[in-house]
file coords12.pdb (PDB, C-alpha atoms and all ligand atoms)
ATOM      1  CA  MET H 271     -99.627 245.120 103.010
ATOM      2  CA  PHE H 272     -96.068 246.349 102.580
ATOM      3  CA  TRP H 273     -93.955 249.377 101.741
ATOM      4  CA  ASN H 274     -90.688 249.172  99.843
ATOM      5  CA  HIS H 275     -87.799 251.480  99.117
ATOM      6  CA  VAL H 276     -86.025 251.107  95.757
ATOM      7  CA  ASP H 277     -82.840 252.514  94.234
ATOM      8  CA  SER H 278     -82.677 254.535  90.997
ATOM      9  CA  GLN H 279     -82.725 251.271  88.965
ATOM     10  CA  GLY H 280     -85.901 250.137  90.712
ATOM     11  CA  THR H 281     -84.110 247.451  92.756
ATOM     12  CA  GLU H 282     -85.616 246.958  96.191
ATOM     13  CA  LEU H 283     -83.337 248.041  99.051
ATOM     14  CA  CYS H 284     -85.648 247.480 101.969
ATOM     15  CA  CYS H 285     -89.224 246.488 102.616
ATOM     16  CA  VAL H 286     -91.483 246.609 105.670
ATOM     17  CA  GLY H 287     -94.811 244.772 105.877
ATOM     18  CA  LEU H 288     -97.643 244.054 108.266
ATOM     19  CA  LYS H 289     -99.329 240.655 108.431
ATOM     20  CA  PRO H 290    -101.881 239.021 110.702
ATOM     21  CA  LEU H 291    -100.330 236.337 112.943
ATOM     22  CA  TRP H 292    -103.146 234.951 115.088
ATOM     23  CA  ALA H 293    -106.238 236.371 116.806
ATOM     24  CA  ASP H 294    -105.746 240.181 116.881
ATOM     25  CA  ILE H 295    -101.959 239.938 116.874
ATOM     26  CA  TYR H 296    -100.046 241.337 113.883
ATOM     27  CA  GLY H 297     -96.397 240.984 112.920
ATOM     28  CA  ILE H 298     -94.096 243.500 111.255
ATOM     29  CA  THR H 299     -92.085 241.745 108.539
ATOM     30  CA  TYR H 300     -89.050 243.214 106.804
ATOM     31  CA  ARG H 301     -86.205 242.719 104.324
ATOM     32  CA  GLY H 302     -83.049 244.724 103.801
ATOM     33  CA  LEU H 303     -81.487 245.127 107.266
ATOM     34  CA  GLU H 304     -78.053 245.259 105.658
ATOM     35  CA  ALA H 305     -78.812 247.730 102.861
ATOM     36  CA  HIS H 306     -77.608 251.343 102.978
ATOM     37  CA  VAL H 307     -80.950 252.944 103.650
ATOM     38  CA  PRO H 308     -81.431 256.124 105.724
ATOM     39  CA  MET H 309     -83.097 255.527 109.091
ATOM     40  CA  GLU H 310     -85.745 258.040 108.039
ATOM     41  CA  VAL H 311     -87.081 255.461 105.535
ATOM     42  CA  TRP H 312     -87.398 252.769 108.232
ATOM     43  CA  ARG H 313     -88.996 255.291 110.606
ATOM     44  CA  THR H 314     -91.633 256.199 107.984
ATOM     45  CA  PHE H 315     -92.355 252.543 107.137
ATOM     46  CA  LEU H 316     -92.660 251.548 110.819
ATOM     47  CA  ASN H 317     -95.142 254.377 111.289
ATOM     48  CA  HIS H 318     -97.105 253.184 108.221
ATOM     49  CA  ALA H 319     -97.196 249.669 109.710
ATOM     50  CA  LEU H 320     -98.502 250.971 113.049
ATOM     51  CA  THR H 321    -101.155 253.087 111.364
ATOM     52  CA  ALA H 322    -102.271 250.039 109.373
ATOM     53  CA  ALA H 323    -102.295 247.898 112.561
ATOM     54  CA  THR H 324    -104.481 250.473 114.307
ATOM     55  CA  GLU H 325    -106.866 250.500 111.325
ATOM     56  CA  GLN H 326    -107.065 246.690 111.517
ATOM     57  CA  LYS H 327    -107.901 247.038 115.247
ATOM     58  CA  ALA H 328    -104.824 245.005 116.211
ATOM     59  CA  GLY H 329    -104.495 244.285 119.924
ATOM     60  CA  LYS H 330    -100.762 243.754 119.690
ATOM     61  CA  VAL H 331     -97.957 244.209 117.148
ATOM     62  CA  MET H 332     -94.821 242.083 117.237
ATOM     63  CA  MET H 333     -91.510 242.416 115.430
ATOM     64  CA  ARG H 334     -88.797 239.771 115.437
ATOM     65  CA  LEU H 335     -85.651 241.686 114.599
ATOM     66  CA  GLU H 336     -82.630 239.710 113.434
ATOM     67  CA  GLN H 337     -79.382 240.714 115.175
ATOM     68  CA  LYS H 338     -77.556 242.201 112.163
ATOM     69  CA  GLY H 339     -77.119 245.339 110.052
ATOM     70  CA  LEU H 340     -79.378 248.243 111.030
ATOM     71  CA  ALA H 341     -81.025 246.306 113.876
ATOM     72  CA  PRO H 342     -79.522 248.419 116.732
ATOM     73  CA  GLN H 343     -80.822 251.671 115.168
ATOM     74  CA  ILE H 344     -84.219 250.095 114.438
ATOM     75  CA  ALA H 345     -84.389 248.892 118.054
ATOM     76  CA  VAL H 346     -83.973 252.517 119.211
ATOM     77  CA  GLU H 347     -86.850 253.490 116.921
ATOM     78  CA  LEU H 348     -89.050 250.668 118.234
ATOM     79  CA  LYS H 349     -88.420 251.794 121.818
ATOM     80  CA  ARG H 350     -89.343 255.342 120.827
ATOM     81  CA  LEU H 351     -92.620 254.013 119.398
ATOM     82  CA  GLY H 352     -93.393 252.309 122.735
ATOM     83  CA  PHE H 353     -92.383 248.725 121.881
ATOM     84  CA  VAL H 354     -90.919 246.657 124.720
ATOM     85  CA  HIS H 355     -88.200 244.043 124.319
ATOM     86  CA  LYS H 356     -89.855 240.731 125.146
ATOM     87  CA  LEU H 357     -87.119 238.188 124.617
ATOM     88  CA  GLU H 358     -84.189 236.962 122.554
ATOM     89  CA  ARG H 359     -85.029 234.056 120.272
ATOM     90  CA  VAL H 360     -82.728 231.460 118.717
ATOM     91  CA  GLU H 361     -83.767 229.784 115.476
ATOM     92  CA  PHE H 362     -82.726 226.635 113.625
ATOM     93  CA  LYS H 363     -83.288 225.615 110.000
ATOM     94  CA  THR H 364     -82.585 222.077 108.805
ATOM     95  CA  PRO H 365     -83.562 219.892 105.829
ATOM     96  CA  LEU H 366     -86.099 217.380 107.128
ATOM     97  CA  ALA H 367     -84.234 214.619 105.280
ATOM     98  CA  ASP H 368     -81.318 215.162 107.726
ATOM     99  CA  LEU H 369     -83.433 214.829 110.887
ATOM    100  CA  GLN H 370     -83.919 211.605 112.814
ATOM    101  CA  GLY H 371     -86.877 209.232 112.638
ATOM    102  CA  GLU H 372     -88.816 208.149 115.701
ATOM    103  CA  GLU H 373     -87.828 204.461 115.803
ATOM    104  CA  GLY H 374     -87.567 203.402 119.460
ATOM    105  CA  THR H 375     -89.853 206.122 120.815
ATOM    106  CA  PRO H 376     -91.558 205.413 124.149
ATOM    107  CA  LEU H 377     -94.568 207.501 123.010
ATOM    108  CA  THR H 378     -97.648 206.572 120.991
ATOM    109  CA  TRP H 379     -99.558 209.246 119.079
ATOM    110  CA  LYS H 380    -103.106 210.106 118.097
ATOM    111  CA  THR H 381    -104.356 213.166 116.258
ATOM    112  CA  ALA H 382    -107.098 215.383 117.680
ATOM    113  CA  ALA H 383    -109.187 214.184 114.695
ATOM    114  CA  GLU H 384    -108.758 210.548 115.780
ATOM    115  CA  LEU H 385    -109.542 211.515 119.381
ATOM    116  CA  LYS H 386    -112.537 213.602 118.199
ATOM    117  CA  TRP H 387    -111.342 216.432 120.426
ATOM    118  CA  SER H 388    -113.051 219.791 120.741
ATOM    119  CA  ASP H 389    -111.193 223.127 120.682
ATOM    120  CA  ARG H 390    -111.625 223.206 124.477
ATOM    121  CA  GLN H 391    -109.834 219.856 124.962
ATOM    122  CA  ILE H 392    -106.919 220.990 122.774
ATOM    123  CA  ALA H 393    -106.743 224.298 124.650
ATOM    124  CA  ASP H 394    -106.749 222.517 128.022
ATOM    125  CA  LEU H 395    -103.787 220.329 126.985
ATOM    126  CA  LEU H 396    -101.974 223.397 125.656
ATOM    127  CA  LEU H 397    -102.482 225.118 129.020
ATOM    128  CA  LYS H 398    -100.727 222.193 130.727
ATOM    129  CA  VAL H 399     -97.787 221.740 128.349
ATOM    130  CA  VAL H 400     -97.058 225.476 128.084
ATOM    131  CA  GLU H 401     -96.202 225.647 131.809
ATOM    132  CA  GLY H 402     -92.642 226.870 132.250
ATOM    133  CA  ASP H 403     -92.251 228.182 128.663
ATOM    134  CA  PRO H 404     -90.588 231.638 128.865
ATOM    135  CA  GLU H 405     -92.110 232.447 125.445
ATOM    136  CA  ASP H 406     -95.756 231.911 126.464
ATOM    137  CA  ASP H 407     -97.792 234.065 124.020
ATOM    138  CA  LEU H 408    -101.210 232.829 125.100
ATOM    139  CA  ASP H 409    -102.305 236.046 126.814
ATOM    140  CA  GLY H 410    -104.672 233.919 128.902
ATOM    141  CA  ASP H 411    -106.722 232.849 125.862
ATOM    142  CA  PRO H 412    -105.633 229.435 124.522
ATOM    143  CA  ILE H 413    -108.760 229.074 122.339
ATOM    144  CA  LYS H 414    -107.762 232.170 120.351
ATOM    145  CA  TYR H 415    -104.150 230.978 120.213
ATOM    146  CA  ILE H 416    -105.004 227.600 118.641
ATOM    147  CA  GLN H 417    -107.135 229.100 115.858
ATOM    148  CA  ASP H 418    -104.241 229.282 113.381
ATOM    149  CA  TRP H 419    -103.473 225.601 114.036
ATOM    150  CA  LEU H 420    -107.062 224.837 113.047
ATOM    151  CA  ASN H 421    -107.619 227.422 110.285
ATOM    152  CA  ASP H 422    -104.450 228.707 108.654
ATOM    153  CA  PRO H 423    -104.683 230.461 105.275
ATOM    154  CA  GLU H 424    -101.204 229.310 104.144
ATOM    155  CA  LEU H 425    -100.186 226.200 106.098
ATOM    156  CA  THR H 426    -101.686 222.737 106.502
ATOM    157  CA  CYS H 427    -104.053 222.917 109.455
ATOM    158  CA  GLY H 428    -106.972 221.324 111.243
ATOM    159  CA  LEU H 429    -107.476 218.536 113.782
ATOM    160  CA  ASP H 430    -105.108 216.245 111.798
ATOM    161  CA  CYS H 431    -102.272 218.674 112.592
ATOM    162  CA  VAL H 432    -102.752 218.466 116.370
ATOM    163  CA  HIS H 433    -100.881 215.398 117.641
ATOM    164  CA  VAL H 434    -101.286 214.126 121.202
ATOM    165  CA  GLY H 435     -98.566 211.869 122.673
ATOM    166  CA  PHE H 436     -99.325 209.113 125.185
ATOM    167  CA  MET H 437     -97.105 207.263 127.677
ATOM    168  CA  LYS H 438     -99.021 204.016 128.167
ATOM    169  CA  ASP H 439    -102.559 205.456 128.500
ATOM    170  CA  LYS H 440    -101.601 208.848 129.992
ATOM    171  CA  ILE H 441    -101.465 212.069 127.970
ATOM    172  CA  ALA H 442     -97.800 213.121 127.945
ATOM    173  CA  ALA H 443     -97.159 215.532 125.057
ATOM    174  CA  LEU H 444     -98.454 217.784 122.301
ATOM    175  CA  VAL H 445     -96.943 218.712 118.924
ATOM    176  CA  VAL H 446     -98.497 220.648 116.031
ATOM    177  CA  PRO H 447     -96.806 220.033 112.634
ATOM    178  CA  GLN H 448     -97.701 222.468 109.821
ATOM    179  CA  VAL H 449     -96.352 222.666 106.258
ATOM    180  CA  ASP H 450     -96.479 225.276 103.512
ATOM    181  CA  LEU H 451     -97.260 222.977 100.577
ATOM    182  CA  LYS H 452     -96.135 225.625  98.036
ATOM    183  CA  ASN H 453     -92.472 225.276  99.031
ATOM    184  CA  GLY H 454     -92.106 222.591 101.726
ATOM    185  CA  TRP H 455     -91.327 225.111 104.518
ATOM    186  CA  SER H 456     -92.377 223.511 107.799
ATOM    187  CA  ARG H 457     -92.806 224.356 111.435
ATOM    188  CA  LEU H 458     -93.958 222.821 114.673
ATOM    189  CA  ALA H 459     -96.455 225.502 115.682
ATOM    190  CA  TYR H 460     -96.062 224.269 119.248
ATOM    191  CA  MET H 461     -94.582 221.349 121.145
ATOM    192  CA  GLY H 462     -94.454 220.547 124.823
ATOM    193  CA  VAL H 463     -94.263 217.766 127.373
ATOM    194  CA  HIS H 464     -96.884 217.518 130.135
ATOM    195  CA  PRO H 465     -95.284 218.600 133.448
ATOM    196  CA  ASP H 466     -95.866 215.082 134.904
ATOM    197  CA  PHE H 467     -93.475 213.683 132.280
ATOM    198  CA  ARG H 468     -90.742 216.325 132.234
ATOM    199  CA  GLY H 469     -87.139 215.553 133.073
ATOM    200  CA  LEU H 470     -87.105 212.281 131.094
ATOM    201  CA  SER H 471     -85.672 213.782 127.872
ATOM    202  CA  LEU H 472     -89.008 213.045 126.178
ATOM    203  CA  GLY H 473     -88.790 216.390 124.341
ATOM    204  CA  ARG H 474     -86.485 214.892 121.696
ATOM    205  CA  TRP H 475     -89.012 212.106 120.961
ATOM    206  CA  VAL H 476     -91.762 214.720 120.625
ATOM    207  CA  HIS H 477     -89.471 216.633 118.254
ATOM    208  CA  ARG H 478     -88.805 213.478 116.219
ATOM    209  CA  HIS H 479     -92.507 212.669 115.956
ATOM    210  CA  GLY H 480     -92.973 216.236 114.714
ATOM    211  CA  PHE H 481     -90.281 215.700 112.018
ATOM    212  CA  ALA H 482     -91.919 212.442 110.908
ATOM    213  CA  ALA H 483     -95.340 214.125 110.704
ATOM    214  CA  LEU H 484     -93.890 217.067 108.732
ATOM    215  CA  ARG H 485     -92.250 214.668 106.243
ATOM    216  CA  GLU H 486     -95.505 212.769 105.916
ATOM    217  CA  GLN H 487     -97.328 216.015 105.079
ATOM    218  CA  GLY H 488     -94.763 216.827 102.358
ATOM    219  CA  GLY H 489     -92.485 219.154 104.333
ATOM    220  CA  THR H 490     -88.849 219.489 103.231
ATOM    221  CA  SER H 491     -87.275 222.188 105.433
ATOM    222  CA  TYR H 492     -87.836 222.498 109.205
ATOM    223  CA  HIS H 493     -87.650 225.997 110.701
ATOM    224  CA  GLY H 494     -87.944 226.167 114.486
ATOM    225  CA  GLY H 495     -87.012 228.398 117.368
ATOM    226  CA  THR H 496     -87.310 229.142 121.037
ATOM    227  CA  SER H 497     -86.481 231.750 123.649
ATOM    228  CA  SER H 498     -82.768 231.898 124.528
ATOM    229  CA  LEU H 499     -83.921 231.371 128.115
ATOM    230  CA  ASN H 500     -85.635 228.064 127.315
ATOM    231  CA  VAL H 501     -82.671 225.847 128.236
ATOM    232  CA  ARG H 502     -84.590 222.568 127.958
ATOM    233  CA  MET H 503     -85.890 223.359 124.470
ATOM    234  CA  ARG H 504     -82.453 224.565 123.335
ATOM    235  CA  ARG H 505     -81.024 221.291 124.595
ATOM    236  CA  THR H 506     -83.757 219.480 122.642
ATOM    237  CA  PHE H 507     -82.782 221.333 119.412
ATOM    238  CA  GLU H 508     -79.145 220.343 120.008
ATOM    239  CA  ALA H 509     -80.044 216.717 120.727
ATOM    240  CA  SER H 510     -82.039 216.681 117.461
ATOM    241  CA  ARG H 511     -78.965 218.074 115.640
ATOM    242  CA  CYS H 512     -80.924 221.050 114.275
ATOM    243  CA  VAL H 513     -78.673 223.589 112.525
ATOM    244  CA  PRO H 514     -78.434 227.075 114.166
ATOM    245  CA  TYR H 515     -79.819 229.669 111.741
ATOM    246  CA  ARG H 516     -80.178 233.095 113.384
ATOM    247  CA  THR H 517     -80.802 235.033 116.607
ATOM    248  CA  LEU H 518     -83.561 237.613 116.859
ATOM    249  CA  ASP H 519     -84.933 240.078 119.387
ATOM    250  CA  GLU H 520     -88.662 239.972 119.849
ATOM    251  CA  TRP H 521     -90.306 243.382 120.321
ATOM    252  CA  GLU H 522     -93.924 243.890 121.223
ATOM    253  CA  LEU H 523     -96.355 246.821 121.343
ATOM    254  CA  SER H 524     -99.759 246.556 122.985
ATOM    255  CA  LEU H 525    -102.398 248.675 121.245
ATOM    256  CA  THR H 526    -105.162 247.745 123.666
ATOM    257  CA  GLN H 527    -106.198 250.618 125.920
ATOM    258  CA  GLU H 528    -106.203 249.569 129.596
ATOM    259  CA  LYS H 529    -109.702 250.284 130.944
ATOM    260  CA  LEU H 530    -109.907 251.616 134.512
TER     261      LEU H 530
HETATM  262  C1  LIG H 601     -88.906 221.940 126.329
HETATM  263  C2  LIG H 601     -89.491 220.603 126.776
HETATM  264  C3  LIG H 601     -90.340 220.053 125.645
HETATM  265  C4  LIG H 601     -88.340 219.652 127.077
HETATM  266  O1  LIG H 601     -88.905 218.549 127.690
HETATM  267  P1  LIG H 601     -88.053 217.368 128.374
HETATM  268  O2  LIG H 601     -87.380 216.592 127.320
HETATM  269  O3  LIG H 601     -88.982 216.657 129.292
HETATM  270  O4  LIG H 601     -86.990 218.172 129.167
HETATM  271  P2  LIG H 601     -85.901 217.623 130.150
HETATM  272  O5  LIG H 601     -86.199 218.114 131.528
HETATM  273  O6  LIG H 601     -85.751 216.139 129.996
HETATM  274  O7  LIG H 601     -84.616 218.397 129.647
HETATM  275  C5  LIG H 601     -84.130 218.287 128.321
HETATM  276  C6  LIG H 601     -82.621 218.432 128.392
HETATM  277  O8  LIG H 601     -82.278 219.692 128.998
HETATM  278  C7  LIG H 601     -81.363 219.502 130.051
HETATM  279  N1  LIG H 601     -81.643 220.507 131.069
HETATM  280  C8  LIG H 601     -82.737 220.640 131.825
HETATM  281  N2  LIG H 601     -82.605 221.702 132.638
HETATM  282  C9  LIG H 601     -81.387 222.233 132.384
HETATM  283  C10 LIG H 601     -80.660 223.343 132.884
HETATM  284  N3  LIG H 601     -81.180 224.137 133.813
HETATM  285  N4  LIG H 601     -79.433 223.591 132.358
HETATM  286  C11 LIG H 601     -78.906 222.811 131.409
HETATM  287  N5  LIG H 601     -79.558 221.748 130.885
HETATM  288  C12 LIG H 601     -80.781 221.468 131.368
HETATM  289  C13 LIG H 601     -81.669 218.094 130.556
HETATM  290  O9  LIG H 601     -80.553 217.534 131.246
HETATM  291  C14 LIG H 601     -81.948 217.372 129.260
HETATM  292  O10 LIG H 601     -80.744 217.096 128.592
HETATM  293  P3  LIG H 601     -80.354 215.607 128.225
HETATM  294  O11 LIG H 601     -81.580 215.003 127.614
HETATM  295  O12 LIG H 601     -79.213 215.717 127.291
HETATM  296  O13 LIG H 601     -80.037 214.961 129.540
HETATM  297  C15 LIG H 601     -90.342 220.771 128.079
HETATM  298  O14 LIG H 601     -89.538 221.337 129.076
HETATM  299  C16 LIG H 601     -91.601 221.628 127.910
HETATM  300  O15 LIG H 601     -92.641 221.138 127.489
HETATM  301  N6  LIG H 601     -91.507 222.920 128.277
HETATM  302  C17 LIG H 601     -92.644 223.873 128.237
HETATM  303  C18 LIG H 601     -93.136 224.096 126.826
HETATM  304  C19 LIG H 601     -92.027 224.614 125.961
HETATM  305  O16 LIG H 601     -91.167 225.364 126.399
HETATM  306  N7  LIG H 601     -92.099 224.231 124.666
HETATM  307  C20 LIG H 601     -91.153 224.684 123.685
HETATM  308  C21 LIG H 601     -91.689 225.879 122.997
HETATM  309  S1  LIG H 601     -90.580 226.439 121.733
END
call {"tool": "encode", "arguments": {"input": "coords12.pdb", "output": "structure tokens"}}
result
Amino acid sequence: MFWNHVDSQGTELCCVGLKPLWADIYGITYRGLEAHVPMEVWRTFLNHALTAATEQKAGKVMMRLEQKGLAPQIAVELKRLGFVHKLERVEFKTPLADLQGEEGTPLTWKTAAELKWSDRQIADLLLKVVEGDPEDDLDGDPIKYIQDWLNDPELTCGLDCVHVGFMKDKIAALVVPQVDLKNGWSRLAYMGVHPDFRGLSLGRWVHRHGFAALREQGGTSYHGGTSSLNVRMRRTFEASRCVPYRTLDEWELSLTQEKL
């Protein structure tokens, strides 16, 4: 659902929306940060989004606010509504045709479908590779977190999208390529190297396998990001020659009542 503000000609100036992300987590989407729109309009729309989130029984609401235009004023409003600043995020957007192939990789890959893995086995590998990620959104429940890898209403999904990397016969990495087949937009829903294999610059080979898998699925544009604090992943984006796109602040509001 969304709410938009138009000028006298009916042209949209700004728009705020609410959409389910995964499990009971919802995201506030928006357009029009740079339009001349009174803060009162944003305030009203943010309140509409929170009311809708409460009606949907959301546990958490997130907003990734790009650092431009009205963002500083909106940040004040988010704080007033009880949101906390979680992290700064850097994003990259690059045509997949410009990204490297995986010739020469030391890794071999199998999908969770080929391995006949259960949700539990995928979740257990996720719990290992997520160690040390400053952007860990698991909230202690990896099974819930992987549900949009397995059942996504808009992107390719399922056990074929969960790729497990091996070094000789040892599990060394995970990457989850997903594509929006309507327009070729692509993401790696998650990637990580098992802690036993960190420090060997394997991340770039995991990245490259992800690019190859996205191309194979029909992806054309890769959109990725990480916390500004995730130095190793930022280095991996640089090594992959991904093109910097934007910087955002991630805000979060918990709607779950703490029970005593
Ligand atoms: C991000 C990740 C995939 C990178 O894996 P990796 O390739 O094994 O990482 P490395 O330790 O080899 O480091 C990668 C690069 O960062 C550099 N680096 C590591 N620590 C650094 C630091 N503190 N400052 C600067 N550079 C650093 C390394 O030198 C290396 O650069 P190089 O390859 O040019 O020599 C891995 O750390 C991981 O799985 N992290 C947890 C999950 C995660 O954060 N996933 C990303 C979610 S968006």
call {"tool": "closest_residue", "arguments": {"input": "coords12.pdb", "among": "H:Arg485, H:Lys386, H:Arg511, H:Lys289", "to": "Arg457 in chain H", "atoms": "only C-alpha atoms"}}
result
H:Arg485
call {"tool": "closest_residue", "arguments": {"input": "coords12.pdb", "among": "H:Pro404, H:Pro308, H:Pro447, H:Gly454", "to": "ligand LIG 601 (chain H)", "atoms": "all atoms listed in the file"}}
result
H:Pro404
call {"tool": "closest_residue", "arguments": {"input": "coords12.pdb", "among": "H:Arg334, H:Arg474, H:His275, H:Arg301", "to": "Val360 in chain H", "atoms": "all atoms listed in the file"}}
result
H:Arg334
call {"tool": "resolve_selection", "arguments": {"input": "coords12.pdb", "expression": "the PyMOL selection byres (((chain H and resi 489-494) around 10) and not hetatm)", "output": "PyMOL selection string"}}
result
chain H and resi 360-369+447-460+480-488+495-496+507+512-515
call {"tool": "residues_near_ligand", "arguments": {"input": "coords12.pdb", "ligand": "ligand LIG 601 (chain H)", "cutoff": "10 Å", "atoms": "only C-alpha atoms and all ligand atoms", "output": "PDB file with C-alpha atoms, in the coordinates of the input"}}
result
ATOM      1  CA  ARG H 359     -85.029 234.056 120.272  1.00  0.00           C
ATOM      2  CA  VAL H 360     -82.728 231.460 118.717  1.00  0.00           C
ATOM      3  CA  GLU H 361     -83.767 229.784 115.476  1.00  0.00           C
ATOM      4  CA  LEU H 396    -101.974 223.397 125.656  1.00  0.00           C
ATOM      5  CA  LEU H 397    -102.482 225.118 129.020  1.00  0.00           C
ATOM      6  CA  LYS H 398    -100.727 222.193 130.727  1.00  0.00           C
ATOM      7  CA  VAL H 399     -97.787 221.740 128.349  1.00  0.00           C
ATOM      8  CA  VAL H 400     -97.058 225.476 128.084  1.00  0.00           C
ATOM      9  CA  GLU H 401     -96.202 225.647 131.809  1.00  0.00           C
ATOM     10  CA  GLY H 402     -92.642 226.870 132.250  1.00  0.00           C
ATOM     11  CA  ASP H 403     -92.251 228.182 128.663  1.00  0.00           C
ATOM     12  CA  PRO H 404     -90.588 231.638 128.865  1.00  0.00           C
ATOM     13  CA  GLU H 405     -92.110 232.447 125.445  1.00  0.00           C
ATOM     14  CA  ASP H 406     -95.756 231.911 126.464  1.00  0.00           C
ATOM     15  CA  ALA H 442     -97.800 213.121 127.945  1.00  0.00           C
ATOM     16  CA  ALA H 443     -97.159 215.532 125.057  1.00  0.00           C
ATOM     17  CA  LEU H 444     -98.454 217.784 122.301  1.00  0.00           C
ATOM     18  CA  VAL H 445     -96.943 218.712 118.924  1.00  0.00           C
ATOM     19  CA  LEU H 458     -93.958 222.821 114.673  1.00  0.00           C
ATOM     20  CA  ALA H 459     -96.455 225.502 115.682  1.00  0.00           C
ATOM     21  CA  TYR H 460     -96.062 224.269 119.248  1.00  0.00           C
ATOM     22  CA  MET H 461     -94.582 221.349 121.145  1.00  0.00           C
ATOM     23  CA  GLY H 462     -94.454 220.547 124.823  1.00  0.00           C
ATOM     24  CA  VAL H 463     -94.263 217.766 127.373  1.00  0.00           C
ATOM     25  CA  HIS H 464     -96.884 217.518 130.135  1.00  0.00           C
ATOM     26  CA  PRO H 465     -95.284 218.600 133.448  1.00  0.00           C
ATOM     27  CA  ASP H 466     -95.866 215.082 134.904  1.00  0.00           C
ATOM     28  CA  PHE H 467     -93.475 213.683 132.280  1.00  0.00           C
ATOM     29  CA  ARG H 468     -90.742 216.325 132.234  1.00  0.00           C
ATOM     30  CA  GLY H 469     -87.139 215.553 133.073  1.00  0.00           C
ATOM     31  CA  LEU H 470     -87.105 212.281 131.094  1.00  0.00           C
ATOM     32  CA  SER H 471     -85.672 213.782 127.872  1.00  0.00           C
ATOM     33  CA  LEU H 472     -89.008 213.045 126.178  1.00  0.00           C
ATOM     34  CA  GLY H 473     -88.790 216.390 124.341  1.00  0.00           C
ATOM     35  CA  ARG H 474     -86.485 214.892 121.696  1.00  0.00           C
ATOM     36  CA  TRP H 475     -89.012 212.106 120.961  1.00  0.00           C
ATOM     37  CA  VAL H 476     -91.762 214.720 120.625  1.00  0.00           C
ATOM     38  CA  HIS H 477     -89.471 216.633 118.254  1.00  0.00           C
ATOM     39  CA  GLY H 494     -87.944 226.167 114.486  1.00  0.00           C
ATOM     40  CA  GLY H 495     -87.012 228.398 117.368  1.00  0.00           C
ATOM     41  CA  THR H 496     -87.310 229.142 121.037  1.00  0.00           C
ATOM     42  CA  SER H 497     -86.481 231.750 123.649  1.00  0.00           C
ATOM     43  CA  SER H 498     -82.768 231.898 124.528  1.00  0.00           C
ATOM     44  CA  LEU H 499     -83.921 231.371 128.115  1.00  0.00           C
ATOM     45  CA  ASN H 500     -85.635 228.064 127.315  1.00  0.00           C
ATOM     46  CA  VAL H 501     -82.671 225.847 128.236  1.00  0.00           C
ATOM     47  CA  ARG H 502     -84.590 222.568 127.958  1.00  0.00           C
ATOM     48  CA  MET H 503     -85.890 223.359 124.470  1.00  0.00           C
ATOM     49  CA  ARG H 504     -82.453 224.565 123.335  1.00  0.00           C
ATOM     50  CA  ARG H 505     -81.024 221.291 124.595  1.00  0.00           C
ATOM     51  CA  THR H 506     -83.757 219.480 122.642  1.00  0.00           C
ATOM     52  CA  PHE H 507     -82.782 221.333 119.412  1.00  0.00           C
ATOM     53  CA  GLU H 508     -79.145 220.343 120.008  1.00  0.00           C
ATOM     54  CA  ALA H 509     -80.044 216.717 120.727  1.00  0.00           C
TER      55      ALA H 509
END
call {"tool": "closest_residue", "arguments": {"input": "coords12.pdb", "among": "H:Val432, H:Leu303, H:Pro423, H:Gln326", "to": "Pro342 in chain H", "atoms": "all atoms listed in the file"}}
result
H:Leu303
call {"tool": "atom_distance", "arguments": {"input": "coords12.pdb", "atom1": "CA of Leu351 in chain H", "atom2": "CA of Asp407 in chain H"}}
result
21.1 Å
call {"tool": "closest_residue", "arguments": {"input": "coords12.pdb", "among": "H:Lys414, H:Lys338, H:Asp422, H:Cys431", "to": "Ala382 in chain H", "atoms": "all atoms listed in the file"}}
result
H:Cys431
call {"tool": "resolve_selection", "arguments": {"input": "coords12.pdb", "expression": "the PyMOL selection byres (((chain H and resi 379) around 6) and not hetatm)", "output": "list in words"}}
result
Thr378, Lys380, Val434 and Gly435 of chain H
call {"tool": "resolve_selection", "arguments": {"input": "coords12.pdb", "expression": "the PyMOL selection byres (((chain H and resi 321) around 12) and not hetatm)", "output": "count of residues only"}}
result
21
call {"tool": "closest_residue", "arguments": {"input": "coords12.pdb", "among": "H:Gly297, H:Gly302, H:Pro376, H:Pro412", "to": "Cys285 in chain H", "atoms": "all atoms listed in the file"}}
result
H:Gly302
